[in-house]
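I have placed the structure first, in the form of structure tokens, so that the comments after it can refer back to it.
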Amino acid sequence: MPNALVIRTAGTNCEQELLRAFSLAGAQTTLVHLDTLIKDPTPIDNADLIGFPGGFSYGDDVASGRIFAMRTRLGLVERLKAAVDRGAGIIGICNGFQVLVQTDLLPGVSGQRVALTGNAGGTFISDWVDVDFDQNADCIWTRGLTNLSPEIAKLPIAHAEGCLVADSETVARLNSNGQVVLRYKNEVNGSVERIAGLCDPTGRVFGLMPHPERYLDWNRHPAWTRLPREVTLTDPVGLRMFKGAVEAVTGVGAR
């Protein structure tokens with residue numbers, strides 16, 4: 001079984017859901033506080049999968065994820081990059097996505113920067129949204145998830161600073177590199193080209209604003225009682241994402 005490490009800190013509140021996602025996908029899980037990890041980062045060296053959960057880390061003081069990112073950047077980034085180099089996968093969800101872009105783990109290309117800022121409407125959004133998985137992206141977390149039927153290609157969101165911004169040159173490069181993994185099907189928060197999730201060039205570091213860890217069971221779907229039975233005999237989209245990553249790091253179905 002691969003080892004999954006989930007990093008929590010003051011104000012994160014989705015770590016239990018993330019632990020459950022990794023566990024259901026077939027990984028052994030460990031929850032560690034950021035302070036503990038900075039003192040002794042060796043658990044990163046033993047991790048096959050690493051998760052940065054959502055929430056309101058440090059109360060989102062200054063900006064969402066800013067303090068979490070600052071402390072990660074100063075103490076752990078090189079260790080995390082080394083983990084990716086040896087084949088580990090990293091996921092950052094919502095607040096975790098904000099951490100990944102502020103530590104430059106995403107987009108993961110020198111000279112390219114993106115940011116996540118306040119939603120275009122100026123309000124916190126909590127809803128289920130329709131999404132599209134880009135068929136040009138080769139991300140270990142989303143392989144096999146293109147061309148999903150609209151009734152199941154949904155994910156829950158809950159954020160106030162999820163609007164992804166980048167200059168036109170950076171967006172063009174992200175598209176050409178196959179790093180745009182996930183898009184909102186419709187306008188949601190003002191993100192450029194409706195981008196909801198990005199991966200690094202290796203396809204192993206993935207950040208997204210929607211919450212796949214909240215879509216591990218069909219009864220979380222907003223219309224699950226009306227879904228066809230043949231649909232509910234398969235895994236929900238969220239669980240499939242974590243299973244895909246477990247398969248990738250264990251060599252099952254890898255390409």
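By convention in this document, the chains of the structure tokens carry letters A, B, ... by their order, each chain's residues are numbered from 1, and ligands are numbered from 1 in the order they are shown.
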
What are the closest atom pairs, with distances in Å to one decimal, for each residue of region 66-114 of chain A lying within 10 Å of region 172-182 of chain A, using only C-alpha atoms, rows by chain and rising residue number, as JSON lines?
```
{"residue": "A:Leu106", "atom": "CA", "partner": "A:Gln179", "partner_atom": "CA", "distance": 9.6}
{"residue": "A:Pro107", "atom": "CA", "partner": "A:Gln179", "partner_atom": "CA", "distance": 7.8}
{"residue": "A:Gly108", "atom": "CA", "partner": "A:Gln179", "partner_atom": "CA", "distance": 9.8}
{"residue": "A:Val109", "atom": "CA", "partner": "A:Leu174", "partner_atom": "CA", "distance": 9.5}
{"residue": "A:Gln112", "atom": "CA", "partner": "A:Arg173", "partner_atom": "CA", "distance": 8.6}
```

Could you take the residues named above and write them with C-alpha atoms, as a compact mmCIF listing (two decimals), in the first residue's frame?
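Wrote selection_1.txt, looks like this:
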```
# COMPACT_ATOMS: atom_id res chain seq x y z
CA LEU A 106 2.33 25.25 -9.37
CA PRO A 107 2.50 25.91 -12.25
CA GLY A 108 5.98 24.49 -11.60
CA VAL A 109 7.68 26.21 -14.54
CA GLN A 112 5.33 31.29 -14.99
```

Those in region 19-208 of chain A with strand (DSSP E) from DSSP, as a ChimeraX atom specification
/A:28-33,49-52,89-93,115-117,125-133,154-159,163-165,180-184,195-199,205-208

How would the residues just chosen look if you wrote them out with C-alpha atoms as a CSV table (one decimal), in the first residue's frame?
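The result, stored in selection.csv:
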```csv
chain,number,residue,atom,x,y,z
A,28,GLN,CA,-2.1,4.1,4.3
A,29,THR,CA,-2.6,7.5,5.8
A,30,THR,CA,-0.7,9.7,8.2
A,31,LEU,CA,-1.8,13.1,9.4
A,32,VAL,CA,0.9,15.5,10.5
A,33,HIS,CA,0.9,19.1,11.7
A,49,LEU,CA,1.2,10.8,-2.0
A,50,ILE,CA,1.0,14.2,-0.2
A,51,GLY,CA,-2.2,16.2,0.4
A,52,PHE,CA,-2.7,19.9,1.3
A,89,GLY,CA,2.1,12.8,-6.2
A,90,ILE,CA,0.9,16.0,-4.5
A,91,ILE,CA,-2.6,17.4,-4.4
A,92,GLY,CA,-3.7,20.8,-3.0
A,93,ILE,CA,-7.5,21.4,-2.7
A,115,ALA,CA,-2.6,33.7,-8.5
A,116,LEU,CA,-5.9,33.0,-6.9
A,117,THR,CA,-7.8,36.1,-5.8
A,125,ILE,CA,-19.5,30.6,-3.1
A,126,SER,CA,-20.7,27.2,-1.9
A,127,ASP,CA,-22.4,25.0,-4.5
A,128,TRP,CA,-22.1,22.1,-6.9
A,129,VAL,CA,-20.7,23.0,-10.3
A,130,ASP,CA,-20.4,21.3,-13.7
A,131,VAL,CA,-16.8,20.7,-14.7
A,132,ASP,CA,-14.8,19.5,-17.7
A,133,PHE,CA,-11.6,17.5,-17.5
A,154,LYS,CA,-19.8,17.7,-11.1
A,155,LEU,CA,-17.8,18.8,-8.0
A,156,PRO,CA,-18.6,20.8,-4.9
A,157,ILE,CA,-17.0,24.2,-4.4
A,158,ALA,CA,-16.7,26.4,-1.3
A,159,HIS,CA,-14.4,29.4,-1.6
A,163,CYS,CA,-10.6,33.3,-9.1
A,164,LEU,CA,-7.5,32.2,-11.0
A,165,VAL,CA,-5.6,35.0,-12.8
A,180,VAL,CA,-4.9,23.0,-17.5
A,181,VAL,CA,-6.6,19.9,-16.1
A,182,LEU,CA,-10.0,21.1,-15.0
A,183,ARG,CA,-12.4,23.8,-16.1
A,184,TYR,CA,-15.8,25.0,-14.9
A,195,ILE,CA,-9.8,27.3,-15.1
A,196,ALA,CA,-10.5,25.3,-12.0
A,197,GLY,CA,-7.4,23.1,-11.7
A,198,LEU,CA,-3.8,22.9,-12.8
A,199,CYS,CA,-1.0,20.4,-12.8
A,205,VAL,CA,1.4,18.0,-8.7
A,206,PHE,CA,-2.3,18.9,-8.9
A,207,GLY,CA,-4.2,21.9,-7.5
A,208,LEU,CA,-7.9,22.6,-7.8
```

What is the CA of Pro201 (chain A)-CA of Ala82 (chain A) distance in Å, reported with one decimal?
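According to the coordinates, CA of Pro201 (chain A) and CA of Ala82 (chain A) are separated by 14.7 Å.
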
Would you mind listing, for every residue of region 133-176 of chain A within 8 Å of region 245-249 of chain A, the two atoms forming the shortest contact and the distance between them in Å to one decimal, using only C-alpha atoms, sorted by chain and ascending residue number, as a tab-separated table?
```
residue	atom	partner	partner_atom	distance
A:Ile140	CA	A:Ala245	CA	5.3
A:Trp141	CA	A:Ala245	CA	4.9
A:Thr142	CA	A:Ala245	CA	7.9
```

Of the candidates A:Asn46, A:Asn3, A:Thr12, A:Ser23, which one gets nearest to Lys243 (chain A) if we count only C-alpha atoms?
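Nearest candidate to Lys243 (chain A) out of A:Asn46, A:Asn3, A:Thr12, A:Ser23: A:Ser23.
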
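With only C-alpha atoms as the atoms that count, the minimum distance from Gly121 (chain A) to the choices A:Met1, A:Leu34, A:Met209, A:Val188 is reached by A:Val188.
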
Please identify which residues in region 5-201 of chain A DSSP calls helix (DSSP H, G or I) from the backbone, and express them as a count of residues only.
64

Counting only C-alpha atoms, the residue of A:Glu193, A:Glu151, A:Glu169, A:Glu78 that sits nearest Trp218 (chain A)
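The answer is A:Glu151, which sits nearest to Trp218 (chain A).
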
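Among the candidate residues A:Asp200, A:Glu17, A:Asp85, A:Asp48, the one lying nearest to Val101 (chain A) is A:Asp200, with distances computed using only C-alpha atoms.
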
Counting only C-alpha atoms, which residue out of A:Gly87, A:Gly190, A:Gly111, A:Pro41 sits closest to Thr123 (chain A)?
A:Gly190

Would you kindly return, as an MDAnalysis selection string, each protein, DNA or RNA residue with an atom no farther than 8 Å from any atom of Asp217 (chain A), considering only C-alpha atoms and excluding same-chain residues fewer than 6 positions away?
chainID A and resid 235:236 239

Take the residues that were just selected and, keeping N, CA and C atoms, output them as a PDB file, in the first residue's frame.
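Listing of result.pdb after writing:
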```
ATOM      1  N   ASP A 235     -17.514   4.121  -9.423  1.00  0.00           N
ATOM      2  CA  ASP A 235     -17.070   5.033  -8.369  1.00  0.00           C
ATOM      3  C   ASP A 235     -17.412   6.475  -8.725  1.00  0.00           C
ATOM      4  N   PRO A 236     -17.761   7.278  -7.740  1.00  0.00           N
ATOM      5  CA  PRO A 236     -17.971   8.711  -7.996  1.00  0.00           C
ATOM      6  C   PRO A 236     -16.680   9.372  -8.488  1.00  0.00           C
ATOM      7  N   LEU A 239     -13.746   9.961  -5.882  1.00  0.00           N
ATOM      8  CA  LEU A 239     -13.012   8.761  -5.503  1.00  0.00           C
ATOM      9  C   LEU A 239     -12.140   8.267  -6.643  1.00  0.00           C
TER      10      LEU A 239
END
```
